[in-house]
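Visitor: Pasting in a structure now, in structure tokens, and then I'll have a few things to ask.
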Amino acid sequence: MDAAWLAQRIGDPSARGIAAALTDLIREGTVTAQTRLPTVRGLARELGISSGTVAEAWSELRRHGMIRTDRRRGTVVLGPPDVPRPIRYERLGHWGDRLAIDLTIASPDTALLPPLEAALAAAARADGLNDYARATITPRLRAAVEPTWPFEAQSWLAVGGGYEAVQLLCQTAALPGDRIAIEEPTGARLLDILETIGVQIVPVACDEEGPLPGALAKALKARPVAFVYQPRGQSPCGHAVTPGRSAELAELLEPAKTLIVEDDGIGELSVSPMVSMGTRFPDRTVLVRSYSKSHGPDLRIAVIGGAADAVERVRVLRSFGTGWTSRILQDALAHLLADPDVEARVAHAREVYAGRRARLAAELAARGVRTGGGDGLVLWVPVRDEPAALVTLAAHGISVAPGSRYVIDQAARPHLRLATARLTDDPAQLAELADVVALAAGRGVSAAT
């Protein structure tokens with residue numbers, strides 16, 4: 001496509017105007033799929049604007065699936081706009097239905113979850129049931145979670161799961177083009193979320209104790225509006241932030257105005273103590289605690305507790321849609337959290353999950369594959385070649401998640417992510433699994449985050 005031809009059809013040379021004009025051309029069929037667009041510099045020169053403005057327009061079109069940038073072919077048109085999709089999460093692996101061992105999704109072992117019958121029966125008598133008054137959090141649920149919170153929260157809200165909470169917090173904190181700092185590697189779904197809401201992702205490298213101070217200091221120079229990290233049970237690496245590391249990070253965050261979002265994804269299943277920035281920054285820290293893996297995915301409950309302004313923004317945004325989380329589900333979780341038998345069951349599940357993860361890590365280490373981390377429901381396994389490792393495992397009936405879905409830097413050292421919550425407890429079968437994983441990984445590799 002000629003840059004001058006396109007420039008003549010753009011009435012508003014702002015980023016939004018450029019994106020809107022090209023969207024109209026694609027929708028009406030004037031510009032068809034596989035058309036190669038002008039370079040950013042070429043179009044900017046024709047319009048008499050900065051290259052950054054055109055790049056911003058391209059970013060918006062890319063977010064809606066209309067264009068793709070290829071280093072060899074440049075930027076090409078894919079077609080009319082589509083609903084943004086969680087590409088990383090959807091592409092964790094499509095290996096058919098014949099695989100015997102699925103280590104792709106870090107879902108809980110259903111045999112270790114508490115039964116819900118009594119909790120749901122009790123919750124059916126929830127106060128204010130069927131009232132359209134919007135319950136941010138029921139009194140019973142707040143009473144159940146507040147004693148376990150690591151700092152005094154200014155405001156509370158129950159939402160439909162941990163990722164919904166993180167998405168809403170990021171969406172209400174940032175405008176398109178703003179920057180959000182995150183750990184790297186991190187959750188594939190978090191990367192999808194941030195790309196969908198149109199922010200710039202600023203990666204922060206980690207080690208066994210959490211985000212590296214030097215990496216966070218560098219990220220803060222970009223003035224991110226939020227810093228999102230996992231204080232414990234980090235996925236995919238399995239590390240937990242130590243008190244010493246938390247203090248170092250807090251010193252760096254002290255002069256900043258950055259919102260701190262703590263994602264406690266496995267909550268009560270973590271074997272590590274919770275170390276929260278909220279004890280030092282209660283007015284700009286929000287803790288998200290999910291109860292899906294510990295008490296049941298179908299409860300669809302996470303609790304947000306922390307800075308009043310941030311929680312209020314999420315409440316307001318939710319009022320356009322869902323409005324509130326079912327009082328029945330909230331009080332069902334409250335009933336479970338107050339039940340000593342359920343508490344013991346969750347404690348047992350925590351031990352089982354930790355044992356399964358540790359045993360596979362030990363088997364792999366004995367074969368020269370060191371994974372690192374000591375918490376969580378996944379293992380971050382270094383490999384020599386990711387595609388070859390995936391094919392080798394699939395050939396043996398095993399599916400895992402490709403590590404490239406969890407990083408921004410595709411040049412990073414290749415890894416696989418193995419879900420460990422549903423691993424076999426049979427030593428012989430586990431040894432066989434470790435043999436295949438070590439074969440796929442290429443023996444003699446060690447973890448590096």
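A note on labels: chains of the structure tokens are A, B, ... as shown, every chain counts residues from 1, and ligands are counted from 1 in their shown order.
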Go through stretch 139-279 of chain A and collect every residue that DSSP, computed from the backbone, puts in helix (DSSP H, G or I); the answer should be as an NGL selection string.
Guide: :A and (139-148 or 162-173 or 188-196 or 213-220 or 243-253 or 267-269 or 277-279)
Visitor: Near stretch 292-306 of chain A, counting only C-alpha atoms, which residues have an atom at most 9 Å away, once you skip same-chain residues fewer than 2 positions from it, shown as a compact mmCIF listing (two decimals) with N, CA, C and O atoms, in the first residue's frame?
Guide:
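This is the output file result26.txt:
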```txt
# COMPACT_ATOMS: atom_id res chain seq x y z
N ALA A 106 -2.99 -25.92 35.61
CA ALA A 106 -2.72 -26.09 37.04
C ALA A 106 -4.01 -26.09 37.83
O ALA A 106 -4.26 -25.23 38.68
N SER A 107 -4.85 -27.07 37.55
CA SER A 107 -6.13 -27.17 38.25
C SER A 107 -5.98 -28.05 39.48
O SER A 107 -5.11 -28.93 39.54
N PRO A 108 -6.83 -27.85 40.49
CA PRO A 108 -6.71 -28.65 41.71
C PRO A 108 -7.17 -30.08 41.50
O PRO A 108 -7.93 -30.38 40.57
N ASP A 109 -6.72 -30.96 42.36
CA ASP A 109 -7.18 -32.35 42.39
C ASP A 109 -8.57 -32.36 43.03
O ASP A 109 -8.72 -32.00 44.20
N THR A 110 -9.58 -32.75 42.27
CA THR A 110 -10.95 -32.69 42.80
C THR A 110 -11.13 -33.56 44.04
O THR A 110 -11.99 -33.27 44.88
N LEU A 112 -9.24 -33.66 46.48
CA LEU A 112 -8.73 -32.96 47.65
C LEU A 112 -9.56 -31.72 48.00
O LEU A 112 -9.29 -31.06 49.01
N LEU A 113 -10.56 -31.41 47.19
CA LEU A 113 -11.40 -30.25 47.47
C LEU A 113 -12.45 -30.58 48.52
O LEU A 113 -12.93 -31.71 48.59
N PRO A 114 -12.85 -29.62 49.33
CA PRO A 114 -13.88 -29.87 50.33
C PRO A 114 -15.26 -30.02 49.67
O PRO A 114 -15.54 -29.39 48.64
N PRO A 115 -16.14 -30.85 50.24
CA PRO A 115 -17.50 -30.97 49.71
C PRO A 115 -18.27 -29.67 49.92
O PRO A 115 -18.05 -28.95 50.90
N LEU A 116 -19.19 -29.37 49.00
CA LEU A 116 -19.88 -28.09 49.04
C LEU A 116 -21.32 -28.17 49.53
O LEU A 116 -21.95 -27.13 49.75
N ILE A 137 -19.17 -7.20 49.71
CA ILE A 137 -18.74 -8.42 50.39
C ILE A 137 -19.71 -8.65 51.52
O ILE A 137 -20.10 -7.71 52.22
N ARG A 142 -16.54 -11.35 55.00
CA ARG A 142 -15.53 -10.43 55.52
C ARG A 142 -15.03 -10.90 56.88
O ARG A 142 -13.82 -10.88 57.15
N VAL A 145 -12.49 -13.74 56.28
CA VAL A 145 -11.20 -13.50 55.65
C VAL A 145 -10.36 -12.44 56.36
O VAL A 145 -9.12 -12.48 56.30
N GLU A 146 -11.00 -11.51 57.04
CA GLU A 146 -10.27 -10.39 57.62
C GLU A 146 -9.18 -10.81 58.61
O GLU A 146 -8.08 -10.26 58.59
N TRP A 149 -5.91 -11.65 56.82
CA TRP A 149 -5.30 -10.67 55.92
C TRP A 149 -3.99 -10.17 56.52
O TRP A 149 -3.93 -9.90 57.72
N PHE A 151 -2.50 -7.34 56.34
CA PHE A 151 -2.49 -5.94 56.74
C PHE A 151 -3.93 -5.46 56.88
O PHE A 151 -4.86 -6.14 56.44
N GLU A 152 -4.11 -4.31 57.48
CA GLU A 152 -5.46 -3.78 57.69
C GLU A 152 -5.96 -3.15 56.40
O GLU A 152 -5.51 -2.08 55.98
N ALA A 153 -6.90 -3.83 55.74
CA ALA A 153 -7.43 -3.36 54.47
C ALA A 153 -8.39 -2.20 54.68
O ALA A 153 -9.21 -2.22 55.59
N GLN A 154 -8.30 -1.20 53.81
CA GLN A 154 -9.19 -0.06 53.89
C GLN A 154 -10.56 -0.35 53.29
O GLN A 154 -11.56 0.27 53.66
N SER A 155 -10.60 -1.29 52.33
CA SER A 155 -11.86 -1.60 51.66
C SER A 155 -11.82 -3.04 51.17
O SER A 155 -10.73 -3.62 50.99
N TRP A 156 -13.03 -3.61 50.94
CA TRP A 156 -13.14 -5.03 50.59
C TRP A 156 -14.10 -5.21 49.41
O TRP A 156 -15.03 -4.43 49.24
N LEU A 157 -13.84 -6.27 48.64
CA LEU A 157 -14.72 -6.59 47.52
C LEU A 157 -14.54 -8.06 47.14
O LEU A 157 -13.42 -8.54 47.05
N ALA A 158 -15.67 -8.75 46.95
CA ALA A 158 -15.63 -10.12 46.44
C ALA A 158 -15.89 -10.09 44.94
O ALA A 158 -16.81 -9.40 44.48
N VAL A 159 -15.07 -10.80 44.19
CA VAL A 159 -15.19 -10.81 42.73
C VAL A 159 -15.15 -12.25 42.22
O VAL A 159 -14.95 -13.19 42.99
N GLY A 160 -15.32 -12.40 40.90
CA GLY A 160 -15.43 -13.72 40.31
C GLY A 160 -14.12 -14.38 39.94
O GLY A 160 -13.92 -14.76 38.78
N GLY A 161 -13.20 -14.49 40.86
CA GLY A 161 -11.94 -15.18 40.62
C GLY A 161 -10.76 -14.23 40.60
O GLY A 161 -10.90 -13.02 40.42
N GLY A 162 -9.57 -14.82 40.76
CA GLY A 162 -8.36 -14.02 40.89
C GLY A 162 -8.02 -13.23 39.65
O GLY A 162 -7.63 -12.06 39.73
N TYR A 163 -8.14 -13.84 38.47
CA TYR A 163 -7.78 -13.12 37.26
C TYR A 163 -8.76 -12.01 36.94
O TYR A 163 -8.38 -10.98 36.37
N GLU A 164 -10.03 -12.19 37.29
CA GLU A 164 -10.96 -11.08 37.11
C GLU A 164 -10.54 -9.90 37.99
O GLU A 164 -10.57 -8.74 37.55
N ALA A 165 -10.13 -10.20 39.21
CA ALA A 165 -9.70 -9.15 40.12
C ALA A 165 -8.49 -8.40 39.56
O ALA A 165 -8.45 -7.17 39.54
N GLY A 265 -2.38 -16.15 44.24
CA GLY A 265 -3.19 -17.02 43.39
C GLY A 265 -3.59 -18.35 43.98
O GLY A 265 -4.65 -18.87 43.63
N ILE A 266 -2.74 -18.94 44.83
CA ILE A 266 -3.13 -20.24 45.41
C ILE A 266 -3.49 -20.11 46.89
O ILE A 266 -3.90 -21.09 47.51
N GLY A 267 -3.36 -18.91 47.44
CA GLY A 267 -3.86 -18.64 48.78
C GLY A 267 -3.43 -19.63 49.82
O GLY A 267 -2.23 -19.83 50.08
N GLU A 268 -4.40 -20.29 50.43
CA GLU A 268 -4.14 -21.17 51.57
C GLU A 268 -3.42 -22.46 51.21
O GLU A 268 -3.06 -23.24 52.09
N LEU A 269 -3.19 -22.70 49.91
CA LEU A 269 -2.42 -23.87 49.51
C LEU A 269 -0.92 -23.59 49.48
O LEU A 269 -0.12 -24.51 49.29
N GLY A 278 1.53 -4.30 51.91
CA GLY A 278 0.44 -3.57 52.54
C GLY A 278 0.74 -3.13 53.96
O GLY A 278 0.15 -2.16 54.45
N PRO A 282 -0.31 0.77 53.03
CA PRO A 282 -1.72 0.35 53.03
C PRO A 282 -2.61 1.19 52.13
O PRO A 282 -3.67 0.72 51.69
N ASP A 283 -2.17 2.40 51.80
CA ASP A 283 -3.00 3.30 50.99
C ASP A 283 -2.79 3.11 49.49
O ASP A 283 -3.49 3.73 48.69
N ARG A 284 -1.85 2.23 49.07
CA ARG A 284 -1.70 1.96 47.64
C ARG A 284 -1.32 0.51 47.35
O ARG A 284 -0.73 0.21 46.31
N THR A 285 -1.67 -0.37 48.28
CA THR A 285 -1.49 -1.81 48.06
C THR A 285 -2.84 -2.49 48.07
O THR A 285 -3.69 -2.22 48.92
N VAL A 286 -3.03 -3.41 47.13
CA VAL A 286 -4.24 -4.22 47.08
C VAL A 286 -3.82 -5.68 46.98
O VAL A 286 -3.02 -6.04 46.10
N LEU A 287 -4.33 -6.49 47.87
CA LEU A 287 -4.07 -7.93 47.84
C LEU A 287 -5.27 -8.64 47.24
O LEU A 287 -6.41 -8.40 47.63
N VAL A 288 -5.00 -9.49 46.25
CA VAL A 288 -6.02 -10.34 45.64
C VAL A 288 -5.77 -11.77 46.10
O VAL A 288 -4.70 -12.33 45.83
N ARG A 289 -6.74 -12.35 46.78
CA ARG A 289 -6.59 -13.74 47.23
C ARG A 289 -7.68 -14.59 46.59
O ARG A 289 -8.87 -14.34 46.76
N SER A 290 -7.24 -15.59 45.86
CA SER A 290 -8.18 -16.50 45.20
C SER A 290 -8.42 -17.74 46.07
O SER A 290 -7.50 -18.24 46.72
N ALA A 308 -8.40 1.88 49.52
CA ALA A 308 -9.81 2.22 49.29
C ALA A 308 -10.06 2.72 47.88
O ALA A 308 -11.04 2.33 47.23
N ASP A 309 -9.20 3.59 47.37
CA ASP A 309 -9.42 4.17 46.04
C ASP A 309 -9.39 3.11 44.96
O ASP A 309 -10.25 3.09 44.06
N ALA A 310 -8.42 2.22 45.03
CA ALA A 310 -8.29 1.18 44.00
C ALA A 310 -9.47 0.22 44.04
O ALA A 310 -10.01 -0.17 43.00
N VAL A 311 -9.88 -0.18 45.23
CA VAL A 311 -11.02 -1.10 45.36
C VAL A 311 -12.31 -0.43 44.89
O VAL A 311 -13.14 -1.05 44.22
N THR A 325 -21.10 -10.11 43.41
CA THR A 325 -20.92 -11.56 43.42
C THR A 325 -22.02 -12.18 44.27
O THR A 325 -22.34 -11.67 45.35
N LEU A 329 -22.80 -17.67 46.93
CA LEU A 329 -21.42 -18.13 46.78
C LEU A 329 -20.51 -17.52 47.84
O LEU A 329 -19.62 -18.20 48.37
N GLN A 330 -20.71 -16.25 48.14
CA GLN A 330 -19.90 -15.61 49.17
C GLN A 330 -20.09 -16.30 50.52
O GLN A 330 -19.11 -16.62 51.21
N ALA A 332 -21.26 -19.27 51.06
CA ALA A 332 -20.79 -20.66 51.00
C ALA A 332 -19.30 -20.72 51.30
O ALA A 332 -18.84 -21.58 52.07
N LEU A 333 -18.54 -19.81 50.73
CA LEU A 333 -17.11 -19.76 51.04
C LEU A 333 -16.89 -19.41 52.51
O LEU A 333 -16.04 -20.00 53.18
N LEU A 336 -17.29 -22.46 54.56
CA LEU A 336 -16.13 -23.35 54.44
C LEU A 336 -14.94 -22.83 55.25
O LEU A 336 -14.25 -23.61 55.92
N LEU A 337 -14.71 -21.53 55.19
CA LEU A 337 -13.56 -20.96 55.90
C LEU A 337 -13.71 -21.06 57.41
O LEU A 337 -12.71 -21.07 58.14
N VAL A 342 -13.03 -28.47 57.26
CA VAL A 342 -12.56 -27.99 55.96
C VAL A 342 -11.15 -27.42 56.10
O VAL A 342 -10.30 -27.64 55.23
N VAL A 346 -8.05 -28.65 53.84
CA VAL A 346 -7.20 -27.77 53.04
C VAL A 346 -5.73 -27.92 53.45
O VAL A 346 -4.83 -27.94 52.60
N ALA A 349 -4.51 -31.01 51.84
CA ALA A 349 -4.28 -30.78 50.41
C ALA A 349 -2.97 -30.03 50.19
O ALA A 349 -2.20 -30.34 49.27
N ARG A 350 -2.70 -29.05 51.05
CA ARG A 350 -1.46 -28.29 50.94
C ARG A 350 -0.26 -29.21 51.04
O ARG A 350 0.70 -29.11 50.27
```
Visitor: When distances are computed from only C-alpha atoms, which of A:Gly244, A:Gly29, A:Gly355, A:Gly48 shows the smallest separation from A:Ile10?
Guide: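 The shortest atom-to-atom distance to A:Ile10 comes from A:Gly48.
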Visitor: One decimal, Å: what's the distance from atom CA of A:Val381 over to atom CA of A:Glu195, could you say?
Guide: 25.5 Å
Visitor: If we count only C-alpha atoms and set the cut-off at 10 Å, which residues sit around A:Ile180, ignoring sequence neighbours fewer than 4 positions away in its own chain? Please answer as a compact mmCIF listing (two decimals) with N, CA and C atoms, in the first residue's frame.
Guide:
```txt
# COMPACT_ATOMS: atom_id res chain seq x y z
N CYS A 170 -6.05 -3.64 37.01
CA CYS A 170 -5.19 -3.05 35.97
C CYS A 170 -5.99 -2.15 35.04
N ALA A 173 -6.68 1.11 36.75
CA ALA A 173 -5.49 1.89 37.11
C ALA A 173 -4.84 2.54 35.91
N ALA A 174 -5.00 1.92 34.73
CA ALA A 174 -4.22 2.34 33.56
C ALA A 174 -5.11 2.79 32.41
N LEU A 194 -3.06 -7.77 29.94
CA LEU A 194 -2.40 -6.49 29.77
C LEU A 194 -2.35 -6.07 28.31
N VAL A 199 -1.92 -1.69 27.46
CA VAL A 199 -0.85 -1.04 28.22
C VAL A 199 0.50 -1.54 27.73
N GLN A 200 1.53 -0.79 28.08
CA GLN A 200 2.89 -1.22 27.81
C GLN A 200 3.39 -2.05 29.00
N ILE A 201 3.89 -3.23 28.71
CA ILE A 201 4.35 -4.13 29.75
C ILE A 201 5.82 -3.90 30.04
N VAL A 202 6.14 -3.67 31.31
CA VAL A 202 7.53 -3.46 31.72
C VAL A 202 7.95 -4.69 32.56
N PRO A 203 8.82 -5.55 32.02
CA PRO A 203 9.17 -6.77 32.73
C PRO A 203 10.16 -6.53 33.87
N ALA A 219 12.67 -0.75 36.10
CA ALA A 219 11.28 -0.66 35.66
C ALA A 219 10.62 0.61 36.17
N LEU A 220 10.93 1.01 37.39
CA LEU A 220 10.29 2.19 37.98
C LEU A 220 10.71 3.47 37.27
N ALA A 222 10.50 3.88 34.24
CA ALA A 222 9.48 4.06 33.20
C ALA A 222 8.18 4.61 33.78
N ARG A 223 8.14 4.81 35.10
CA ARG A 223 6.98 5.37 35.81
C ARG A 223 5.70 4.55 35.56
N PRO A 224 5.72 3.28 35.88
CA PRO A 224 4.51 2.46 35.70
C PRO A 224 3.42 2.88 36.67
N VAL A 225 2.17 2.77 36.23
CA VAL A 225 1.04 3.12 37.11
C VAL A 225 0.76 2.01 38.11
N ALA A 226 1.24 0.80 37.83
CA ALA A 226 1.02 -0.32 38.75
C ALA A 226 2.17 -1.32 38.64
N PHE A 227 2.40 -2.02 39.74
CA PHE A 227 3.36 -3.11 39.79
C PHE A 227 2.58 -4.34 40.26
N VAL A 228 2.49 -5.35 39.42
CA VAL A 228 1.73 -6.57 39.72
C VAL A 228 2.72 -7.71 39.94
N THR A 258 3.25 4.36 42.49
CA THR A 258 2.77 3.16 41.81
C THR A 258 1.80 2.35 42.68
N LEU A 259 0.68 1.93 42.07
CA LEU A 259 -0.23 1.01 42.74
C LEU A 259 0.43 -0.36 42.82
```
Visitor: Which residues of stretch 96-197 of chain A sit at most 10 Å from stretch 49-67 of chain A, using only C-alpha atoms? Give each one's shortest atom pair and distance in Å (one decimal place), in chain and ascending residue order, as CSV.
Guide:
```
residue,atom,partner,partner_atom,distance
A:Pro176,CA,A:Glu60,CA,9.0
A:Gly177,CA,A:Glu56,CA,7.9
A:Glu195,CA,A:Arg63,CA,7.0
A:Thr196,CA,A:Arg63,CA,6.2
A:Ile197,CA,A:Arg63,CA,8.5
```
Visitor: Residues within 6 Å of stretch 119-128 of chain A, please, as a list in words. Count only C-alpha atoms; anything in the same chain fewer than 6 positions from it doesn't count.
Guide: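 Returned residues: Ile328, Asp331, Ala332 and His335 of chain A.
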Visitor: DSSP on the backbone, strand (DSSP E) only: what residues of stretch 163-300 of chain A does that give? Format it as a ChimeraX atom specification.
Guide: /A:179-184,200-207,210-211,226-229,259-264,285-290
Visitor: Those same residues, written as a tab-separated table (two decimals), in the first residue's frame with N, CA, C and O atoms?
Guide:
```tsv
chain	number	residue	atom	x	y	z
A	179	ARG	N	2.00	2.32	31.41
A	179	ARG	CA	2.91	1.20	31.66
A	179	ARG	C	2.55	0.48	32.96
A	179	ARG	O	2.21	1.13	33.96
A	180	ILE	N	2.64	-0.83	32.94
A	180	ILE	CA	2.45	-1.67	34.12
A	180	ILE	C	3.63	-2.61	34.23
A	180	ILE	O	4.00	-3.28	33.27
A	181	ALA	N	4.26	-2.62	35.40
A	181	ALA	CA	5.41	-3.49	35.65
A	181	ALA	C	4.92	-4.83	36.19
A	181	ALA	O	4.03	-4.88	37.04
A	182	ILE	N	5.51	-5.91	35.68
A	182	ILE	CA	5.14	-7.25	36.12
A	182	ILE	C	6.39	-8.11	36.21
A	182	ILE	O	7.43	-7.80	35.63
A	183	GLU	N	6.27	-9.20	36.95
A	183	GLU	CA	7.35	-10.18	36.99
A	183	GLU	C	7.51	-10.83	35.61
A	183	GLU	O	6.56	-10.94	34.85
A	184	GLU	N	8.72	-11.29	35.35
A	184	GLU	CA	8.94	-12.13	34.18
A	184	GLU	C	9.88	-13.27	34.58
A	184	GLU	O	10.95	-13.01	35.13
A	200	GLN	N	1.53	-0.79	28.08
A	200	GLN	CA	2.89	-1.22	27.81
A	200	GLN	C	3.39	-2.05	29.00
A	200	GLN	O	3.28	-1.62	30.15
A	201	ILE	N	3.89	-3.23	28.71
A	201	ILE	CA	4.35	-4.13	29.75
A	201	ILE	C	5.82	-3.90	30.04
A	201	ILE	O	6.65	-3.89	29.13
A	202	VAL	N	6.14	-3.67	31.31
A	202	VAL	CA	7.53	-3.46	31.72
A	202	VAL	C	7.95	-4.69	32.56
A	202	VAL	O	7.49	-4.87	33.68
A	203	PRO	N	8.82	-5.55	32.02
A	203	PRO	CA	9.17	-6.77	32.73
A	203	PRO	C	10.16	-6.53	33.87
A	203	PRO	O	11.00	-5.64	33.79
A	204	VAL	N	10.02	-7.32	34.92
A	204	VAL	CA	10.91	-7.28	36.08
A	204	VAL	C	11.44	-8.70	36.31
A	204	VAL	O	10.67	-9.60	36.66
A	205	ALA	N	12.71	-8.89	36.11
A	205	ALA	CA	13.31	-10.21	36.28
A	205	ALA	C	13.26	-10.65	37.74
A	205	ALA	O	13.23	-9.83	38.65
A	206	CYS	N	13.28	-11.97	37.95
A	206	CYS	CA	13.15	-12.54	39.30
A	206	CYS	C	14.25	-13.57	39.56
A	206	CYS	O	14.89	-14.07	38.64
A	207	ASP	N	14.42	-13.88	40.84
A	207	ASP	CA	15.23	-15.03	41.23
A	207	ASP	C	14.45	-15.80	42.29
A	207	ASP	O	13.22	-15.63	42.41
A	210	GLY	N	12.18	-13.71	44.62
A	210	GLY	CA	11.19	-12.80	44.07
A	210	GLY	C	11.78	-11.80	43.10
A	210	GLY	O	12.90	-11.99	42.58
A	211	PRO	N	11.06	-10.72	42.80
A	211	PRO	CA	11.56	-9.70	41.87
A	211	PRO	C	12.92	-9.17	42.30
A	211	PRO	O	13.15	-8.90	43.48
A	226	ALA	N	1.24	0.80	37.83
A	226	ALA	CA	1.02	-0.32	38.75
A	226	ALA	C	2.17	-1.32	38.64
A	226	ALA	O	2.83	-1.42	37.60
A	227	PHE	N	2.40	-2.02	39.74
A	227	PHE	CA	3.36	-3.11	39.79
A	227	PHE	C	2.58	-4.34	40.26
A	227	PHE	O	2.04	-4.35	41.38
A	228	VAL	N	2.49	-5.35	39.42
A	228	VAL	CA	1.73	-6.57	39.72
A	228	VAL	C	2.72	-7.71	39.94
A	228	VAL	O	3.55	-8.00	39.08
A	229	TYR	N	2.63	-8.36	41.10
A	229	TYR	CA	3.53	-9.48	41.36
A	229	TYR	C	2.84	-10.49	42.28
A	229	TYR	O	1.80	-10.22	42.87
A	259	LEU	N	0.68	1.93	42.07
A	259	LEU	CA	-0.23	1.01	42.74
A	259	LEU	C	0.43	-0.36	42.82
A	259	LEU	O	1.00	-0.85	41.84
A	260	ILE	N	0.37	-1.00	43.98
A	260	ILE	CA	0.98	-2.31	44.19
A	260	ILE	C	-0.14	-3.35	44.24
A	260	ILE	O	-1.00	-3.30	45.12
A	261	VAL	N	-0.12	-4.26	43.30
A	261	VAL	CA	-1.14	-5.32	43.23
A	261	VAL	C	-0.46	-6.64	43.56
A	261	VAL	O	0.43	-7.10	42.82
A	262	GLU	N	-0.89	-7.27	44.64
A	262	GLU	CA	-0.33	-8.55	45.08
A	262	GLU	C	-1.32	-9.66	44.74
A	262	GLU	O	-2.45	-9.67	45.23
A	263	ASP	N	-0.89	-10.58	43.90
A	263	ASP	CA	-1.74	-11.67	43.42
A	263	ASP	C	-1.40	-12.95	44.18
A	263	ASP	O	-0.41	-13.61	43.90
A	264	ASP	N	-2.24	-13.28	45.15
A	264	ASP	CA	-2.05	-14.49	45.96
A	264	ASP	C	-2.88	-15.61	45.35
A	264	ASP	O	-3.94	-15.97	45.84
A	285	THR	N	-1.67	-0.37	48.28
A	285	THR	CA	-1.49	-1.81	48.06
A	285	THR	C	-2.84	-2.49	48.07
A	285	THR	O	-3.69	-2.22	48.92
A	286	VAL	N	-3.03	-3.41	47.13
A	286	VAL	CA	-4.24	-4.22	47.08
A	286	VAL	C	-3.82	-5.68	46.98
A	286	VAL	O	-3.02	-6.04	46.10
A	287	LEU	N	-4.33	-6.49	47.87
A	287	LEU	CA	-4.07	-7.93	47.84
A	287	LEU	C	-5.27	-8.64	47.24
A	287	LEU	O	-6.41	-8.40	47.63
A	288	VAL	N	-5.00	-9.49	46.25
A	288	VAL	CA	-6.02	-10.34	45.64
A	288	VAL	C	-5.77	-11.77	46.10
A	288	VAL	O	-4.70	-12.33	45.83
A	289	ARG	N	-6.74	-12.35	46.78
A	289	ARG	CA	-6.59	-13.74	47.23
A	289	ARG	C	-7.68	-14.59	46.59
A	289	ARG	O	-8.87	-14.34	46.76
A	290	SER	N	-7.24	-15.59	45.86
A	290	SER	CA	-8.18	-16.50	45.20
A	290	SER	C	-8.42	-17.74	46.07
A	290	SER	O	-7.50	-18.24	46.72
```
Visitor: For atom CA of A:Val378 and atom CA of A:Gly233, determine how far apart the two atoms are, in Å to one decimal place.
Guide: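 Rounded to one decimal, the two atoms are 8.9 Å apart.
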Visitor: Counting only C-alpha atoms, what is within 8 Å of A:Leu103, bar same-chain residues fewer than 4 positions away, as a JSON list (two decimals) with N, CA, C and O atoms, in the first residue's frame?
Guide:
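Just written: selection.json:
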```
[["chain", "number", "residue", "atom", "x", "y", "z"],
["A", 398, "ILE", "N", 2.17, -37.18, 26.77],
["A", 398, "ILE", "CA", 2.22, -36.18, 27.85],
["A", 398, "ILE", "C", 2.05, -34.78, 27.26],
["A", 398, "ILE", "O", 2.75, -34.42, 26.32],
["A", 399, "SER", "N", 1.15, -34.01, 27.81],
["A", 399, "SER", "CA", 1.00, -32.61, 27.38],
["A", 399, "SER", "C", 1.43, -31.68, 28.51],
["A", 399, "SER", "O", 1.11, -31.91, 29.68],
["A", 400, "VAL", "N", 2.16, -30.63, 28.16],
["A", 400, "VAL", "CA", 2.62, -29.61, 29.10],
["A", 400, "VAL", "C", 2.42, -28.25, 28.43],
["A", 400, "VAL", "O", 2.06, -28.15, 27.27],
["A", 401, "ALA", "N", 2.69, -27.19, 29.17],
["A", 401, "ALA", "CA", 2.54, -25.84, 28.64],
["A", 401, "ALA", "C", 3.90, -25.31, 28.16],
["A", 401, "ALA", "O", 4.89, -25.43, 28.87],
["A", 418, "LEU", "N", 5.12, -27.34, 33.93],
["A", 418, "LEU", "CA", 4.43, -28.59, 34.25],
["A", 418, "LEU", "C", 3.53, -28.39, 35.46],
["A", 418, "LEU", "O", 3.98, -27.96, 36.52],
["A", 419, "ALA", "N", 2.25, -28.67, 35.30],
["A", 419, "ALA", "CA", 1.32, -28.62, 36.43],
["A", 419, "ALA", "C", 1.52, -29.85, 37.29],
["A", 419, "ALA", "O", 1.60, -30.98, 36.79],
["A", 420, "THR", "N", 1.60, -29.67, 38.60],
["A", 420, "THR", "CA", 1.95, -30.77, 39.50],
["A", 420, "THR", "C", 0.84, -31.19, 40.45],
["A", 420, "THR", "O", 0.99, -32.18, 41.16],
["A", 422, "ARG", "N", -2.00, -32.63, 40.09],
["A", 422, "ARG", "CA", -2.65, -33.92, 39.85],
["A", 422, "ARG", "C", -1.65, -35.03, 39.52],
["A", 422, "ARG", "O", -2.02, -36.05, 38.93]]
```
Visitor: Considering only C-alpha atoms, state which residue in the set A:Thr23, A:Ser326, A:Thr30, A:Ser319 is at the smallest distance from A:Leu168.
Guide: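 Among the listed residues, A:Ser319 lies closest to A:Leu168.
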Visitor: Return the single residue from A:Met1, A:Leu249, A:Val76, A:Leu360 that is closest to A:Ser276, with distances computed using only C-alpha atoms.
Guide: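 Checking each candidate against A:Ser276, we get A:Leu249 as the closest.
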